[in-house]
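File shown: query-v2.pdb. Contents: PDB, C-alpha atoms.
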ATOM      1  CA  MET A  19     -11.505 -17.969 -30.910
ATOM      2  CA  VAL A  20      -8.379 -16.075 -29.842
ATOM      3  CA  MET A  21      -6.243 -17.409 -32.681
ATOM      4  CA  GLY A  22      -9.058 -16.915 -35.187
ATOM      5  CA  GLU A  23      -9.495 -13.231 -34.312
ATOM      6  CA  LEU A  24      -5.945 -12.264 -33.343
ATOM      7  CA  GLY A  25      -3.714 -14.800 -35.067
ATOM      8  CA  GLU A  26      -2.688 -12.354 -37.805
ATOM      9  CA  PRO A  27      -1.251  -8.811 -37.603
ATOM     10  CA  PRO A  28      -2.057  -6.492 -35.922
ATOM     11  CA  GLY A  29      -3.381  -9.036 -33.431
ATOM     12  CA  VAL A  30      -1.545 -10.166 -30.296
ATOM     13  CA  PRO A  31      -2.983 -13.581 -29.335
ATOM     14  CA  PHE A  32      -2.872 -14.708 -25.724
ATOM     15  CA  LEU A  33      -3.356 -17.723 -23.478
ATOM     16  CA  PRO A  34      -6.937 -17.330 -22.192
ATOM     17  CA  GLU A  35      -7.964 -17.676 -18.563
ATOM     18  CA  LEU A  36     -11.406 -19.206 -17.994
ATOM     19  CA  PRO A  37     -12.103 -18.687 -14.266
ATOM     20  CA  GLN A  38     -15.687 -19.969 -14.216
ATOM     21  CA  ARG A  39     -14.440 -23.549 -14.569
ATOM     22  CA  GLY A  40     -14.021 -23.624 -10.797
ATOM     23  CA  VAL A  41     -11.334 -23.679  -8.130
ATOM     24  CA  GLY A  42      -7.856 -23.187  -9.516
ATOM     25  CA  ALA A  43      -9.009 -21.599 -12.778
ATOM     26  CA  ASP A  44      -9.405 -18.161 -11.173
ATOM     27  CA  MET A  45      -6.738 -15.465 -11.412
ATOM     28  CA  ILE A  46      -5.238 -16.207  -7.972
ATOM     29  CA  GLY A  47      -5.405 -19.949  -8.577
ATOM     30  CA  ARG A  48      -3.535 -19.556 -11.877
ATOM     31  CA  GLY A  49      -0.892 -17.504 -10.070
ATOM     32  CA  ALA A  50      -0.632 -20.108  -7.311
ATOM     33  CA  ALA A  51      -0.142 -22.845  -9.921
ATOM     34  CA  LEU A  52       2.999 -21.082 -11.143
ATOM     35  CA  LEU A  53       4.629 -20.592  -7.722
ATOM     36  CA  VAL A  54       7.794 -22.576  -7.043
ATOM     37  CA  ASP A  55       8.195 -24.198  -3.605
ATOM     38  CA  LEU A  56       5.103 -22.370  -2.312
ATOM     39  CA  TYR A  57       1.691 -24.035  -2.204
ATOM     40  CA  ALA A  58      -1.806 -22.686  -1.635
ATOM     41  CA  GLU A  59      -5.184 -24.227  -0.909
ATOM     42  CA  VAL A  60      -8.679 -22.737  -0.760
ATOM     43  CA  GLN A  61     -10.035 -22.145   2.742
ATOM     44  CA  PRO A  62     -13.436 -20.636   3.644
ATOM     45  CA  SER A  63     -11.842 -17.179   3.597
ATOM     46  CA  GLY A  64      -9.953 -17.708   0.309
ATOM     47  CA  TRP A  65      -6.550 -18.918  -0.852
ATOM     48  CA  ARG A  66      -4.044 -19.697   1.929
ATOM     49  CA  ILE A  67      -0.413 -20.840   1.983
ATOM     50  CA  VAL A  68       0.017 -24.449   3.153
ATOM     51  CA  ASP A  69       2.949 -26.772   3.818
ATOM     52  CA  ARG A  70       2.428 -29.196   0.949
ATOM     53  CA  PRO A  71       0.497 -29.369  -2.334
ATOM     54  CA  GLY A  72      -3.079 -30.573  -2.035
ATOM     55  CA  ARG A  73      -6.216 -31.022  -4.119
ATOM     56  CA  ASP A  74      -6.689 -27.347  -5.018
ATOM     57  CA  HIS A  75      -3.074 -26.981  -6.078
ATOM     58  CA  GLY A  76      -3.512 -30.068  -8.249
ATOM     59  CA  ARG A  77      -6.630 -28.602  -9.852
ATOM     60  CA  ALA A  78      -4.874 -25.336 -10.618
ATOM     61  CA  ARG A  79      -1.939 -27.164 -12.198
ATOM     62  CA  SER A  80      -4.317 -29.386 -14.167
ATOM     63  CA  HIS A  81      -6.216 -26.395 -15.582
ATOM     64  CA  LEU A  82      -2.950 -24.756 -16.616
ATOM     65  CA  SER A  83      -1.606 -27.934 -18.209
ATOM     66  CA  ALA A  84      -4.820 -28.487 -20.195
ATOM     67  CA  ASP A  85      -4.776 -24.871 -21.387
ATOM     68  CA  LEU A  86      -1.172 -25.168 -22.522
ATOM     69  CA  ASP A  87      -1.942 -28.364 -24.427
ATOM     70  CA  LEU A  88      -4.757 -26.609 -26.302
ATOM     71  CA  LEU A  89      -2.581 -23.560 -26.947
ATOM     72  CA  GLU A  90       0.082 -25.794 -28.457
ATOM     73  CA  GLU A  91      -2.513 -27.486 -30.661
ATOM     74  CA  TYR A  92      -3.969 -24.231 -32.020
ATOM     75  CA  THR A  93      -0.653 -22.444 -32.570
ATOM     76  CA  GLN A  94       1.046 -24.999 -34.813
ATOM     77  CA  GLY A  95       3.275 -23.031 -37.200
ATOM     78  CA  TYR A  96       2.411 -19.701 -35.580
ATOM     79  CA  VAL A  97       5.093 -17.014 -35.653
ATOM     80  CA  GLY A  98       4.565 -13.724 -33.859
ATOM     81  CA  PRO A  99       3.801 -12.183 -30.469
ATOM     82  CA  LEU A 100       2.071 -14.302 -27.824
ATOM     83  CA  LYS A 101       0.963 -12.902 -24.483
ATOM     84  CA  ILE A 102       0.554 -14.788 -21.229
ATOM     85  CA  GLN A 103      -0.762 -13.197 -18.059
ATOM     86  CA  VAL A 104      -0.640 -13.933 -14.355
ATOM     87  CA  ALA A 105      -1.496 -12.112 -11.139
ATOM     88  CA  GLY A 106       1.427  -9.901 -10.093
ATOM     89  CA  PRO A 107       3.267 -10.194  -6.768
ATOM     90  CA  TRP A 108       1.387  -7.402  -4.996
ATOM     91  CA  THR A 109      -2.023  -8.695  -6.023
ATOM     92  CA  MET A 110      -1.029 -12.210  -4.948
ATOM     93  CA  ALA A 111       0.205 -10.868  -1.596
ATOM     94  CA  ALA A 112      -3.034  -8.896  -1.133
ATOM     95  CA  ALA A 113      -5.215 -11.946  -1.833
ATOM     96  CA  VAL A 114      -3.429 -14.967  -0.338
ATOM     97  CA  GLU A 115      -3.345 -15.576   3.410
ATOM     98  CA  LEU A 116      -0.470 -16.771   5.562
ATOM     99  CA  PRO A 117      -0.834 -20.246   7.164
ATOM    100  CA  HIS A 118      -1.943 -18.937  10.561
ATOM    101  CA  GLY A 119      -2.473 -15.242  10.157
ATOM    102  CA  ASP A 120      -3.324 -12.325   7.947
ATOM    103  CA  LYS A 121      -2.739 -11.643   4.278
ATOM    104  CA  MET A 122       0.783 -12.169   2.988
ATOM    105  CA  LEU A 123       0.865  -8.409   2.441
ATOM    106  CA  ALA A 124       1.144  -7.965   6.230
ATOM    107  CA  ASP A 125       4.498  -9.793   6.307
ATOM    108  CA  THR A 126       7.416  -8.194   4.441
ATOM    109  CA  GLY A 127       9.328 -11.458   4.283
ATOM    110  CA  ALA A 128       6.311 -13.326   2.911
ATOM    111  CA  VAL A 129       5.892 -10.721   0.180
ATOM    112  CA  ARG A 130       9.532 -11.150  -0.856
ATOM    113  CA  ASP A 131       9.058 -14.934  -0.868
ATOM    114  CA  VAL A 132       5.998 -14.842  -3.120
ATOM    115  CA  ALA A 133       7.737 -12.414  -5.489
ATOM    116  CA  ALA A 134      10.824 -14.629  -5.801
ATOM    117  CA  SER A 135       8.682 -17.749  -6.213
ATOM    118  CA  LEU A 136       6.541 -16.097  -8.885
ATOM    119  CA  ALA A 137       9.577 -14.849 -10.828
ATOM    120  CA  GLU A 138      11.066 -18.338 -10.894
ATOM    121  CA  GLY A 139       7.717 -19.858 -11.851
ATOM    122  CA  LEU A 140       7.323 -17.422 -14.733
ATOM    123  CA  ARG A 141      10.853 -18.185 -15.921
ATOM    124  CA  LEU A 142      10.024 -21.904 -16.079
ATOM    125  CA  HIS A 143       6.625 -21.150 -17.639
ATOM    126  CA  ALA A 144       8.332 -19.157 -20.399
ATOM    127  CA  GLN A 145      10.774 -21.992 -21.061
ATOM    128  CA  ASP A 146       7.880 -24.428 -21.465
ATOM    129  CA  LEU A 147       6.028 -22.073 -23.803
ATOM    130  CA  ARG A 148       9.070 -21.589 -26.035
ATOM    131  CA  LYS A 149       9.204 -25.363 -26.506
ATOM    132  CA  ARG A 150       5.477 -25.622 -27.213
ATOM    133  CA  VAL A 151       5.276 -22.582 -29.548
ATOM    134  CA  PRO A 152       8.784 -22.153 -31.012
ATOM    135  CA  GLY A 153       7.762 -19.226 -33.225
ATOM    136  CA  ALA A 154       6.289 -17.187 -30.370
ATOM    137  CA  GLN A 155       7.732 -13.867 -29.295
ATOM    138  CA  LEU A 156       6.632 -14.051 -25.671
ATOM    139  CA  VAL A 157       5.157 -11.135 -23.767
ATOM    140  CA  ILE A 158       4.316 -11.534 -20.077
ATOM    141  CA  GLN A 159       1.587  -9.495 -18.417
ATOM    142  CA  LEU A 160       1.435  -9.025 -14.657
ATOM    143  CA  ASP A 161      -2.130  -8.309 -13.527
ATOM    144  CA  GLU A 162      -2.027  -5.878 -10.611
ATOM    145  CA  PRO A 163      -5.598  -4.719  -9.842
ATOM    146  CA  SER A 164      -4.757  -4.487  -6.117
ATOM    147  CA  LEU A 165      -1.715  -2.245  -6.579
ATOM    148  CA  PRO A 166      -3.446   1.124  -5.964
ATOM    149  CA  GLY A 167      -4.928  -0.297  -2.748
ATOM    150  CA  VAL A 168      -1.494  -1.514  -1.634
ATOM    151  CA  LEU A 169      -0.092   1.983  -2.104
ATOM    152  CA  LYS A 170      -3.044   3.683  -0.378
ATOM    153  CA  GLY A 171      -3.404   1.261   2.522
ATOM    154  CA  SER A 172      -6.940   0.200   1.608
ATOM    155  CA  VAL A 173      -6.423  -3.584   1.314
ATOM    156  CA  ARG A 174      -8.640  -5.242   3.902
ATOM    157  CA  THR A 175      -7.255  -7.567   6.551
ATOM    158  CA  ALA A 176      -8.232 -11.235   6.484
ATOM    159  CA  SER A 177     -10.965 -10.534   9.067
ATOM    160  CA  GLY A 178     -12.342  -7.704   6.958
ATOM    161  CA  PHE A 179     -12.580  -5.397   9.969
ATOM    162  CA  GLY A 180      -9.460  -3.370   9.243
ATOM    163  CA  ALA A 181      -7.036  -2.368   6.526
ATOM    164  CA  LEU A 182      -3.370  -3.187   6.095
ATOM    165  CA  ARG A 183      -0.987  -0.264   6.244
ATOM    166  CA  ALA A 184       0.163   1.349   3.018
ATOM    167  CA  VAL A 185       3.380   0.136   1.439
ATOM    168  CA  GLU A 186       5.929   2.796   0.491
ATOM    169  CA  GLU A 187       6.249   3.545  -3.201
ATOM    170  CA  ASN A 188       9.936   2.645  -3.394
ATOM    171  CA  VAL A 189       9.248  -0.763  -1.805
ATOM    172  CA  VAL A 190       6.451  -1.457  -4.295
ATOM    173  CA  ARG A 191       8.670  -0.356  -7.173
ATOM    174  CA  ASP A 192      11.718  -2.378  -6.159
ATOM    175  CA  LEU A 193       9.780  -5.601  -5.599
ATOM    176  CA  LEU A 194       8.028  -5.276  -8.958
ATOM    177  CA  ARG A 195      11.378  -4.608 -10.599
ATOM    178  CA  SER A 196      12.810  -7.770  -9.047
ATOM    179  CA  VAL A 197      10.062  -9.848 -10.677
ATOM    180  CA  ILE A 198      10.307  -8.028 -14.007
ATOM    181  CA  ASP A 199      14.087  -8.388 -14.077
ATOM    182  CA  GLY A 200      13.795 -12.063 -13.155
ATOM    183  CA  VAL A 201      11.382 -12.681 -16.019
ATOM    184  CA  LYS A 202      13.530 -10.762 -18.493
ATOM    185  CA  ALA A 203      16.539 -12.828 -17.510
ATOM    186  CA  GLY A 204      14.604 -15.969 -18.433
ATOM    187  CA  GLY A 205      14.467 -14.979 -22.094
ATOM    188  CA  PRO A 206      16.831 -16.007 -24.884
ATOM    189  CA  ALA A 207      20.362 -14.640 -24.663
ATOM    190  CA  ASP A 208      19.759 -12.266 -27.570
ATOM    191  CA  SER A 209      16.406 -10.847 -26.435
ATOM    192  CA  ALA A 210      14.747 -10.236 -23.081
ATOM    193  CA  ILE A 211      11.065 -11.066 -22.543
ATOM    194  CA  PRO A 212       9.093  -7.811 -22.328
ATOM    195  CA  VAL A 213       6.887  -7.507 -19.250
ATOM    196  CA  ILE A 214       3.784  -5.348 -19.213
ATOM    197  CA  VAL A 215       1.630  -4.546 -16.186
ATOM    198  CA  HIS A 216      -2.160  -4.382 -16.269
ATOM    199  CA  CYS A 217      -4.114  -2.278 -13.773
ATOM    200  CA  CYS A 218      -7.742  -1.413 -14.531
ATOM    201  CA  ALA A 219      -8.263   0.593 -11.321
ATOM    202  CA  PRO A 220      -8.978   4.351 -11.459
ATOM    203  CA  ASP A 221      -5.611   5.389  -9.978
ATOM    204  CA  VAL A 222      -3.033   3.551 -12.064
ATOM    205  CA  PRO A 223       0.427   4.331 -10.606
ATOM    206  CA  PHE A 224       1.969   5.031 -14.010
ATOM    207  CA  GLY A 225       5.193   6.489 -12.598
ATOM    208  CA  THR A 226       5.790   3.571 -10.249
ATOM    209  CA  LEU A 227       5.239   1.017 -13.008
ATOM    210  CA  HIS A 228       7.545   2.888 -15.364
ATOM    211  CA  ARG A 229      10.300   3.097 -12.750
ATOM    212  CA  ALA A 230       9.848  -0.616 -12.040
ATOM    213  CA  GLY A 231      10.850  -1.366 -15.627
ATOM    214  CA  ALA A 232       7.508  -2.217 -17.237
ATOM    215  CA  ALA A 233       7.771  -2.327 -21.025
ATOM    216  CA  GLY A 234       4.091  -1.466 -21.283
ATOM    217  CA  ILE A 235       1.157  -0.465 -19.090
ATOM    218  CA  SER A 236      -2.396  -1.697 -19.676
ATOM    219  CA  PHE A 237      -5.288   0.439 -18.378
ATOM    220  CA  ASP A 238      -8.971   1.276 -18.756
ATOM    221  CA  MET A 239      -8.963   4.424 -20.865
ATOM    222  CA  SER A 240     -12.430   5.466 -19.679
ATOM    223  CA  LEU A 241     -11.063   5.979 -16.147
ATOM    224  CA  LEU A 242      -8.416   8.507 -17.198
ATOM    225  CA  SER A 243      -8.725  12.285 -17.122
ATOM    226  CA  GLY A 244      -6.619  15.282 -18.082
ATOM    227  CA  ARG A 245      -4.585  14.928 -14.885
ATOM    228  CA  HIS A 246      -3.013  11.784 -16.362
ATOM    229  CA  ASP A 247      -1.773  13.549 -19.507
ATOM    230  CA  GLU A 248       1.666  14.375 -18.150
ATOM    231  CA  ALA A 249       2.261  10.789 -17.037
ATOM    232  CA  LEU A 250       1.110   9.413 -20.405
ATOM    233  CA  GLY A 251       3.342  11.864 -22.240
ATOM    234  CA  GLU A 252       6.357  10.784 -20.201
ATOM    235  CA  LEU A 253       5.623   7.153 -21.027
ATOM    236  CA  ILE A 254       5.452   7.841 -24.762
ATOM    237  CA  GLU A 255       8.723   9.770 -24.590
ATOM    238  CA  ALA A 256      10.337   6.856 -22.767
ATOM    239  CA  GLY A 257       9.145   4.309 -25.341
ATOM    240  CA  VAL A 258       6.729   2.558 -22.968
ATOM    241  CA  LEU A 259       3.773   0.873 -24.688
ATOM    242  CA  LEU A 260       0.279   2.103 -23.819
ATOM    243  CA  LEU A 261      -2.237  -0.735 -23.899
ATOM    244  CA  ALA A 262      -5.330   1.439 -24.182
ATOM    245  CA  GLY A 263      -8.470  -0.320 -22.957
ATOM    246  CA  VAL A 264     -11.206   1.213 -25.102
ATOM    247  CA  VAL A 265     -13.380  -1.812 -25.957
ATOM    248  CA  PRO A 266     -15.918  -2.677 -23.192
ATOM    249  CA  SER A 267     -14.994  -5.910 -21.437
ATOM    250  CA  THR A 268     -18.664  -6.868 -20.962
ATOM    251  CA  GLU A 269     -21.526  -6.414 -23.374
ATOM    252  CA  PRO A 270     -23.081  -2.924 -23.084
ATOM    253  CA  ALA A 271     -26.815  -2.585 -22.416
ATOM    254  CA  THR A 272     -27.100  -0.440 -25.544
ATOM    255  CA  PRO A 273     -25.698  -1.465 -28.939
ATOM    256  CA  GLY A 274     -21.939  -1.764 -28.683
ATOM    257  CA  PRO A 275     -19.594   0.936 -29.947
ATOM    258  CA  ALA A 276     -18.724   1.142 -33.616
ATOM    259  CA  VAL A 277     -15.146   0.902 -34.826
ATOM    260  CA  SER A 278     -15.214   4.587 -35.789
ATOM    261  CA  GLU A 279     -16.156   5.562 -32.225
ATOM    262  CA  LEU A 280     -13.392   3.429 -30.723
ATOM    263  CA  ARG A 281     -10.887   4.854 -33.204
ATOM    264  CA  ASP A 282     -11.851   8.389 -32.164
ATOM    265  CA  ARG A 283     -11.358   7.531 -28.479
ATOM    266  CA  VAL A 284      -7.785   6.512 -29.186
ATOM    267  CA  LEU A 285      -7.200   9.546 -31.415
ATOM    268  CA  ARG A 286      -7.894  11.779 -28.422
ATOM    269  CA  LEU A 287      -4.387  10.906 -27.273
ATOM    270  CA  ARG A 288      -3.170  13.406 -29.873
ATOM    271  CA  ARG A 289      -3.944  16.037 -27.250
ATOM    272  CA  LEU A 290      -0.686  15.029 -25.578
ATOM    273  CA  GLY A 291       1.153  17.088 -28.195
ATOM    274  CA  PHE A 292       2.953  14.300 -30.058
ATOM    275  CA  SER A 293       2.679  13.623 -33.767
ATOM    276  CA  TRP A 294       0.211  10.871 -34.618
ATOM    277  CA  PRO A 295       2.955   8.478 -35.819
ATOM    278  CA  GLN A 296       4.616   8.806 -32.379
ATOM    279  CA  VAL A 297       1.351   8.035 -30.581
ATOM    280  CA  ALA A 298       0.438   5.220 -32.957
ATOM    281  CA  GLU A 299       3.797   3.566 -32.378
ATOM    282  CA  ALA A 300       3.088   3.505 -28.640
ATOM    283  CA  VAL A 301      -0.547   2.332 -28.597
ATOM    284  CA  ILE A 302      -2.049  -1.160 -28.598
ATOM    285  CA  VAL A 303      -5.862  -1.401 -28.599
ATOM    286  CA  THR A 304      -7.291  -3.716 -25.919
ATOM    287  CA  PRO A 305     -10.485  -4.430 -23.969
ATOM    288  CA  SER A 306     -10.930  -2.178 -20.931
ATOM    289  CA  CYS A 307     -10.278  -5.119 -18.589
ATOM    290  CA  GLY A 308     -10.344  -8.912 -18.684
ATOM    291  CA  LEU A 309     -13.088 -10.767 -20.569
ATOM    292  CA  SER A 310     -13.876 -13.319 -17.836
ATOM    293  CA  GLY A 311     -17.307 -11.776 -17.261
ATOM    294  CA  ALA A 312     -18.207 -11.649 -20.939
ATOM    295  CA  SER A 313     -20.392 -14.088 -22.848
ATOM    296  CA  PRO A 314     -18.592 -16.087 -25.550
ATOM    297  CA  GLY A 315     -20.392 -13.994 -28.144
ATOM    298  CA  TRP A 316     -19.257 -10.705 -26.672
ATOM    299  CA  ALA A 317     -15.734 -11.998 -26.077
ATOM    300  CA  ARG A 318     -15.452 -12.787 -29.795
ATOM    301  CA  ARG A 319     -16.910  -9.427 -30.766
ATOM    302  CA  ALA A 320     -14.628  -7.557 -28.338
ATOM    303  CA  LEU A 321     -11.535  -9.193 -29.816
ATOM    304  CA  ARG A 322     -12.780  -8.405 -33.326
ATOM    305  CA  LEU A 323     -13.415  -4.759 -32.342
ATOM    306  CA  CYS A 324      -9.855  -4.488 -31.007
ATOM    307  CA  ARG A 325      -8.432  -5.858 -34.243
ATOM    308  CA  ASP A 326     -10.628  -3.739 -36.522
ATOM    309  CA  THR A 327      -9.979  -0.568 -34.503
ATOM    310  CA  ALA A 328      -6.232  -1.141 -34.766
ATOM    311  CA  ARG A 329      -6.561  -1.528 -38.531
ATOM    312  CA  ALA A 330      -8.644   1.657 -38.738
ATOM    313  CA  LEU A 331      -5.950   3.529 -36.815
ATOM    314  CA  GLU A 332      -3.325   2.321 -39.302
ATOM    315  CA  GLU A 333      -5.140   4.349 -41.957
ATOM    316  CA  VAL A 334      -4.999   7.631 -40.003
ATOM    317  CA  ASP A 335      -2.624  10.228 -41.470
TER     318      ASP A 335
END
structure tokens encoding of this file:
Amino acid sequence: MVMGELGEPPGVPFLPELPQRGVGADMIGRGAALLVDLYAEVQPSGWRIVDRPGRDHGRARSHLSADLDLLEEYTQGYVGPLKIQVAGPWTMAAAVELPHGDKMLADTGAVRDVAASLAEGLRLHAQDLRKRVPGAQLVIQLDEPSLPGVLKGSVRTASGFGALRAVEENVVRDLLRSVIDGVKAGGPADSAIPVIVHCCAPDVPFGTLHRAGAAGISFDMSLLSGRHDEALGELIEAGVLLLAGVVPSTEPATPGPAVSELRDRVLRLRRLGFSWPQVAEAVIVTPSCGLSGASPGWARRALRLCRDTARALEEVD
């Protein structure tokens, strides 16, 4: 489905995640499968770091391996961009528990460990993908839905009765940069792998993500207001890609939006004061968030709407 709808320009195909297959196929399980020298298992309260790999780790690795085999099969001869995504270090730290304590987020050293492990895992993941899909121009997406909560201090403790203290902006920025820089360094000598960050929460920390070195920022456009205009303008000036989530990620109760309506939503970015060619160069049309909650029918239609909206925008003067 992904290659059929997005396998030609202006599409950007991606490695799908299918979390409803069970343990290890979820976003945190996929992230845990990529960690190097860190292992996690599912406990009654969620994912937890353990001393050695067990059944859940094996399931997560098996799901990933099967997905990569299918990706390789359906991308024979493909040349062009290919996106892979994984939970970012702060979202992993906010979700995974320490062996005998609270969330990893409560332990500064544990957060550094998961970030370093994830960066190394992504480097190896990228190497494997380049062998499987030689014509791919890899793009890595870090999913960070928990990032605003990390900055605000609203991430709940493992017990659920309290909240972990807020992490300072410079700490968040520097740790993200360490992962982004580590991934970039894993690319070919003549070109670094671009890293984008996805955050579909209302308060996307655009400035923090920009300063961390993100090549692009993915967001739900319906959650933005005029107060975000200055931040968006700075990103366009800096050459940062805006992955504008305008297509609903689940099927609307009413008939879905037409391509013309979606095109007009994106065109509202002209209010930022840039010429349309400048804005168009910076924008990629995407679903508002992940498609894991969508039916197969809506997932196909959402991808098609993204592609057709992008083509409609190419015709704008």
Item checked: the PyMOL selection byres ((chain A and resi 231-242) around 8) resolved against shown file, as a VMD selection string -> chain A and resid 195 198 to 199 212 to 220 222 224 227 to 230 243 to 246 258 to 264 305 to 307
Notebook entry, point to check: For A:Trp294, which residue out of A:Ile254, A:Arg39, A:Arg191, A:Lys202 is the nearest one, using all atoms listed in the file?
Noted result: A:Ile254
Margin query: Counting all atoms listed in the file, which residue out of A:Leu52, A:Ile211, A:Ala128, A:Leu123 sits closest to A:Ser172?
Written below: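 The answer is A:Leu123, which sits nearest to A:Ser172.
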Checklist line | Contact residues around A:Leu142 with all atoms listed in the file at 12 Å, ignoring same-chain residues under 2 positions, as number ranges by chain | finding: A: 51-54, 135-140, 144-149, 200-205
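You will find atom CA of A:Glu115 at 28.6 Å from atom CA of A:Gly225.
Evaluated against the shown file, the PyMOL selection byres ((chain A and resi 67-83) around 6) gives A:Gly42, A:Ala43, A:Gly47, A:Ala51, A:Tyr57, A:Ala58, A:Glu59, A:Arg66, A:Ala84, A:Asp85, A:Leu86, A:Leu116, A:Pro117.
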Checklist line | Hits of the PyMOL selection byres ((chain A and resi 95) around 10) in this structure, as a list of chain:residue names | finding: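 Applied to this file, the PyMOL selection byres ((chain A and resi 95) around 10) selects A:Glu90, A:Glu91, A:Tyr92, A:Thr93, A:Gln94, A:Tyr96, A:Val97, A:Gly98, A:Val151, A:Pro152, A:Gly153, A:Ala154.
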Using only C-alpha atoms, please write the residues we just selected to a file, as a CSV table (one decimal), in the frame of the given file.
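Wrote again_36.csv, looks like this:
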chain,number,residue,atom,x,y,z
A,90,GLU,CA,0.1,-25.8,-28.5
A,91,GLU,CA,-2.5,-27.5,-30.7
A,92,TYR,CA,-4.0,-24.2,-32.0
A,93,THR,CA,-0.7,-22.4,-32.6
A,94,GLN,CA,1.0,-25.0,-34.8
A,96,TYR,CA,2.4,-19.7,-35.6
A,97,VAL,CA,5.1,-17.0,-35.7
A,98,GLY,CA,4.6,-13.7,-33.9
A,151,VAL,CA,5.3,-22.6,-29.5
A,152,PRO,CA,8.8,-22.2,-31.0
A,153,GLY,CA,7.8,-19.2,-33.2
A,154,ALA,CA,6.3,-17.2,-30.4
Check: What gap, in Å, lies between atom CA of A:Ala124 and atom CA of A:Thr226?
Finding: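 Between atom CA of A:Ala124 and atom CA of A:Thr226 the gap is 20.6 Å.
Comparing A:Thr272, A:Thr304, A:Pro295, A:Ser313 by their smallest distance to A:Glu332, the closest is A:Pro295 (using only C-alpha atoms).
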Checklist line | Atomic separation - atom CA of A:Ile46 relative to atom CA of A:Leu24, Å | finding: 25.7 Å
Check: Quick one: of A:Thr109, A:Gln296, A:Ser267, A:Ser63, who's nearest to A:Leu165, counting all atoms listed in the file?
Finding: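 Among A:Thr109, A:Gln296, A:Ser267, A:Ser63, it is A:Thr109 that comes nearest to A:Leu165.
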Centre and edge lengths of an axis-aligned box around all listed atoms of stretch 215-222 of chain A, with 4 Å added on each side, are to be given in Å to one decimal, as lines of an AutoDock Vina configuration file.
center_x = -3.7
center_y = 0.4
center_z = -13.1
size_x = 18.6
size_y = 17.9
size_z = 14.3
Checklist line | Who sits within 10 Å of stretch 320-329 of chain A, only C-alpha atoms, same chain under 2 positions skipped, as a PyMOL selection string | finding: chain A and resi 19-20+22-24+26-31+263-269+274-282+284+298+301-306+309+312+314-318+331-334
Notebook entry, point to check: A:Gln159, A:Asp247, A:Asp55, A:Met122: which is nearest A:Leu33, counting all atoms listed in the file?
Noted result: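 Distance minimum relative to A:Leu33 lands on A:Gln159.
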Margin query: Calculated over all atoms listed in the file, which of the candidates A:Ala330, A:Ala210, A:Val157, A:Ala50 has the smallest distance to A:Pro99?
Written below: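 Comparing A:Ala330, A:Ala210, A:Val157, A:Ala50 against A:Pro99, the winner is A:Val157.
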